[in-house]
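Trainee: Sharing a structure below in structure tokens format, with a few things to ask.
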Amino acid sequence: RMATPEVRPRLTMTSTQMRKLKLDTLLAGGIAGAAARTLTSPLDRVKILMQTQYLSSGGAPDQYKGIWQSLVKVYNEDGARGYWRGNGANCVRVVPYSATQFVTFDHCKTSLLHYLGRNPNDKLHIPERLACGALAGMMASAVTHPLDVVRTRMAVQPELTGIFHTLATLWTEGGVTALYKGLGPTLASLAPFVAINFASYDTIKNFFYPNELDRPSTVGALFMGGSAGIIAQTACYPLDTVRRRMQMRGKNYTSTINALTQISKVEGAAALYKGIWANTLKVVPNNAIRFMVFEQLKGSKVFAALFGY
């Protein structure tokens, strides 16, 4: 008796479109992240130096006291290349990080509507958007955390000559534990940031562009992305400072709460906001460029031809 051949279900047009949509989102998110991060790398370098200088200098008086003064100091010490020190590691991290964020947020929204039995075209409520954004942030952070540690070390330790040298140094310091040092505060700081960032952008976008088929203009996407970035970074900046401090060499703090307490006690509460103006100048254009590039790519003729829309 001949065996009945296995009948495989044919992919429907809907599932094919959904698969293409995820690839579309993945690619657009990765390119957008790399473009935005590279353009704002000088301010990111200054921000990290301002955040970590107390530990890297052994408690000596601050050398980086303002944005312009810090930019000039970096140029005098390292030249123009100093502004992009660690940007290679940064982009290697940012491409999967940004892509994972956009894909996870998009998939989470679709899955949540399906789980709740609601129409796929329904709008999510703000708490639901925050939950999807938090999940996107945690997923992206967990995947790319070792490269975030590499970026921080390269920004503050000139003796580290490249990505592989930094990875090798971290490995000799503590293996996997060193590579994931500071993951707790990273999740604690980035999950709320990404949650508020994506929820804010999605809410603002739905207000100005209620029709899902409408693509924001270049100026519109820049405005919405910049506004979402301001809201998110203002709420989450102290946790970002703690995250950078805990990624530094040595065991300086025992927990996120301990770090918040010690920094406030020893350096004053204002120390939690060191570098916030540099961060604001970085986050606003970074977020604006990232969402603008993402929206433009998703609506471009190149992507339409590439993904068969």
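Please note that chains go A, B, ... in the order of the structure tokens, that every chain numbers its residues from 1, and that ligands are numbered from 1 in the order shown.
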For Lys251 in chain A, find every residue with an atom within 12 Å (counting only C-alpha atoms), except residues of its own chain fewer than 5 positions away, and show them as number ranges by chain.
Mentor: A: 55, 173-174, 178, 181-182, 245-246, 258-259
Trainee: Find the residues around range 151-160 of chain A up to 9 Å (only C-alpha atoms counted), leave out those fewer than 2 positions away in its own chain, and share them as number ranges by chain.
Mentor: A: 45-46, 48-49, 52-53, 56, 82, 85-90, 93, 146-149, 162-163, 165-166, 169, 244, 247-249
Trainee: With a distance cut-off of 9 Å and only C-alpha atoms, select the neighbouring residues of range 103-105 of chain A, excluding the residue or stretch itself and same-chain residues fewer than 2 positions from it, and output the selection as a list in words.
Mentor: Lys22, Leu23, Thr25, Leu26, Gly29, Ser98, Ala99, Thr100, Gln101, His107, Cys108, Lys109, Thr110, Arg129, Cys132, Gly133, Ala134, Leu135, Ala136, Gly137, Met139, Ala140 and Phe198 of chain A
Trainee: Per residue of range 40-120 of chain A within 7 Å of range 279-295 of chain A, note the shortest atom pair and the distance in Å to one decimal, counting only C-alpha atoms, and order the rows by chain and increasing residue number, as a tab-separated table.
Mentor:
residue	atom	partner	partner_atom	distance
A:Thr40	CA	A:Lys282	CA	5.7
A:Leu43	CA	A:Lys282	CA	5.6
A:Asp44	CA	A:Lys282	CA	6.4
A:Lys47	CA	A:Asn279	CA	5.9
Trainee: Those same residues - all heavy atoms - I'd like them written as a PDB file, in the first residue's frame.
Mentor:
ATOM      1  N   THR A  40      24.903  61.240  14.630  1.00  0.00           N
ATOM      2  CA  THR A  40      24.903  61.859  15.960  1.00  0.00           C
ATOM      3  C   THR A  40      25.998  61.292  16.866  1.00  0.00           C
ATOM      4  O   THR A  40      25.994  61.546  18.074  1.00  0.00           O
ATOM      5  CB  THR A  40      23.531  61.656  16.648  1.00  0.00           C
ATOM      6  OG1 THR A  40      23.248  60.245  16.734  1.00  0.00           O
ATOM      7  CG2 THR A  40      22.424  62.345  15.867  1.00  0.00           C
ATOM      8  N   LEU A  43      28.044  63.638  19.541  1.00  0.00           N
ATOM      9  CA  LEU A  43      27.332  63.984  20.770  1.00  0.00           C
ATOM     10  C   LEU A  43      27.190  62.773  21.688  1.00  0.00           C
ATOM     11  O   LEU A  43      27.196  62.906  22.914  1.00  0.00           O
ATOM     12  CB  LEU A  43      25.953  64.557  20.430  1.00  0.00           C
ATOM     13  CG  LEU A  43      25.979  65.952  19.812  1.00  0.00           C
ATOM     14  CD1 LEU A  43      24.625  66.321  19.240  1.00  0.00           C
ATOM     15  CD2 LEU A  43      26.421  66.984  20.831  1.00  0.00           C
ATOM     16  N   ASP A  44      27.101  61.598  21.104  1.00  0.00           N
ATOM     17  CA  ASP A  44      27.019  60.385  21.914  1.00  0.00           C
ATOM     18  C   ASP A  44      28.332  60.157  22.651  1.00  0.00           C
ATOM     19  O   ASP A  44      28.343  59.778  23.833  1.00  0.00           O
ATOM     20  CB  ASP A  44      26.698  59.184  21.013  1.00  0.00           C
ATOM     21  CG  ASP A  44      26.335  57.946  21.813  1.00  0.00           C
ATOM     22  OD1 ASP A  44      25.533  58.061  22.751  1.00  0.00           O
ATOM     23  OD2 ASP A  44      26.863  56.868  21.502  1.00  0.00           O
ATOM     24  N   LYS A  47      28.512  62.611  25.518  1.00  0.00           N
ATOM     25  CA  LYS A  47      27.584  62.244  26.591  1.00  0.00           C
ATOM     26  C   LYS A  47      28.166  61.146  27.476  1.00  0.00           C
ATOM     27  O   LYS A  47      28.126  61.220  28.710  1.00  0.00           O
ATOM     28  CB  LYS A  47      26.262  61.782  25.995  1.00  0.00           C
ATOM     29  CG  LYS A  47      25.212  61.447  27.043  1.00  0.00           C
ATOM     30  CD  LYS A  47      24.186  60.449  26.541  1.00  0.00           C
ATOM     31  CE  LYS A  47      24.774  59.067  26.423  1.00  0.00           C
ATOM     32  NZ  LYS A  47      23.761  58.007  26.310  1.00  0.00           N
TER      33      LYS A  47
END
Trainee: Report the distance between CA of Val74 in chain A and CA of Pro42 in chain A in Å, rounded to one decimal place.
Mentor: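 CA of Pro42 in chain A lies 9.2 Å from CA of Val74 in chain A.
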Trainee: At what distance in Å, to one decimal, does CA of Ser200 in chain A lie from CA of Gly184 in chain A?
Mentor: 24.1 Å
Trainee: If you measure from CA of Thr144 in chain A to CA of Tyr97 in chain A, what distance in Å do you get, rounded to one decimal?
Mentor: 6.2 Å
Trainee: Per DSSP on the backbone, what are the helix (DSSP H, G or I) residues of range 57-131 of chain A, as a PyMOL selection string?
Mentor: chain A and resi 67-78+80-84+87-115+126-131
Trainee: Put those residues in a file: C-alpha atoms, as a short mmCIF file (atom, residue, chain, number, x, y, z; two decimals), in the first residue's frame.
Mentor:
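The new file part_3.cif reads:
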data_model
loop_
_atom_site.label_atom_id
_atom_site.label_comp_id
_atom_site.auth_asym_id
_atom_site.auth_seq_id
_atom_site.Cartn_x
_atom_site.Cartn_y
_atom_site.Cartn_z
CA ILE A 67 29.01 70.25 25.34
CA TRP A 68 31.15 72.68 23.32
CA GLN A 69 34.12 72.45 25.69
CA SER A 70 33.91 68.64 25.55
CA LEU A 71 33.71 68.60 21.75
CA VAL A 72 36.80 70.83 21.55
CA LYS A 73 38.68 68.69 24.10
CA VAL A 74 37.92 65.46 22.19
CA TYR A 75 39.10 67.11 18.95
CA ASN A 76 42.33 68.38 20.54
CA GLU A 77 43.12 64.95 22.00
CA ASP A 78 42.00 62.60 19.22
CA ALA A 80 38.05 64.49 14.15
CA ARG A 81 38.27 60.69 14.26
CA GLY A 82 37.75 60.91 18.01
CA TYR A 83 34.13 61.89 17.48
CA TRP A 84 33.47 58.55 15.83
CA ASN A 87 31.11 54.04 16.08
CA GLY A 88 31.98 50.81 14.22
CA ALA A 89 31.02 48.76 17.27
CA ASN A 90 28.08 51.08 17.70
CA CYS A 91 26.74 50.44 14.21
CA VAL A 92 27.33 46.69 14.49
CA ARG A 93 25.13 46.89 17.59
CA VAL A 94 22.63 49.48 16.36
CA VAL A 95 21.62 47.71 13.13
CA PRO A 96 20.25 44.56 14.85
CA TYR A 97 19.15 46.63 17.86
CA SER A 98 17.04 49.04 15.84
CA ALA A 99 15.76 46.33 13.51
CA THR A 100 14.73 44.13 16.45
CA GLN A 101 12.93 47.05 18.07
CA PHE A 102 10.83 47.90 15.03
CA VAL A 103 10.00 44.27 14.20
CA THR A 104 9.15 43.31 17.78
CA PHE A 105 6.97 46.38 18.29
CA ASP A 106 5.14 45.77 15.01
CA HIS A 107 4.67 42.04 15.69
CA CYS A 108 3.58 42.67 19.27
CA LYS A 109 0.89 45.11 18.17
CA THR A 110 -0.47 42.64 15.61
CA SER A 111 -0.35 39.71 18.05
CA LEU A 112 -1.98 41.67 20.85
CA LEU A 113 -4.93 42.69 18.69
CA HIS A 114 -5.33 39.07 17.58
CA TYR A 115 -5.10 37.78 21.17
CA ILE A 126 -1.66 53.88 25.30
CA PRO A 127 -1.01 51.20 28.00
CA GLU A 128 -1.00 48.55 25.26
CA ARG A 129 1.47 50.57 23.19
CA LEU A 130 3.68 50.99 26.25
CA ALA A 131 3.64 47.22 26.84
#
Trainee: Extract, using only C-alpha atoms, all DNA, RNA and protein residues at most 12 Å from Asp240 in chain A, discarding same-chain residues fewer than 2 positions from it, and format them as a ChimeraX atom specification.
Mentor: /A:47-48,51-52,182-193,232-238,242-247,256,259-260,271-276,279
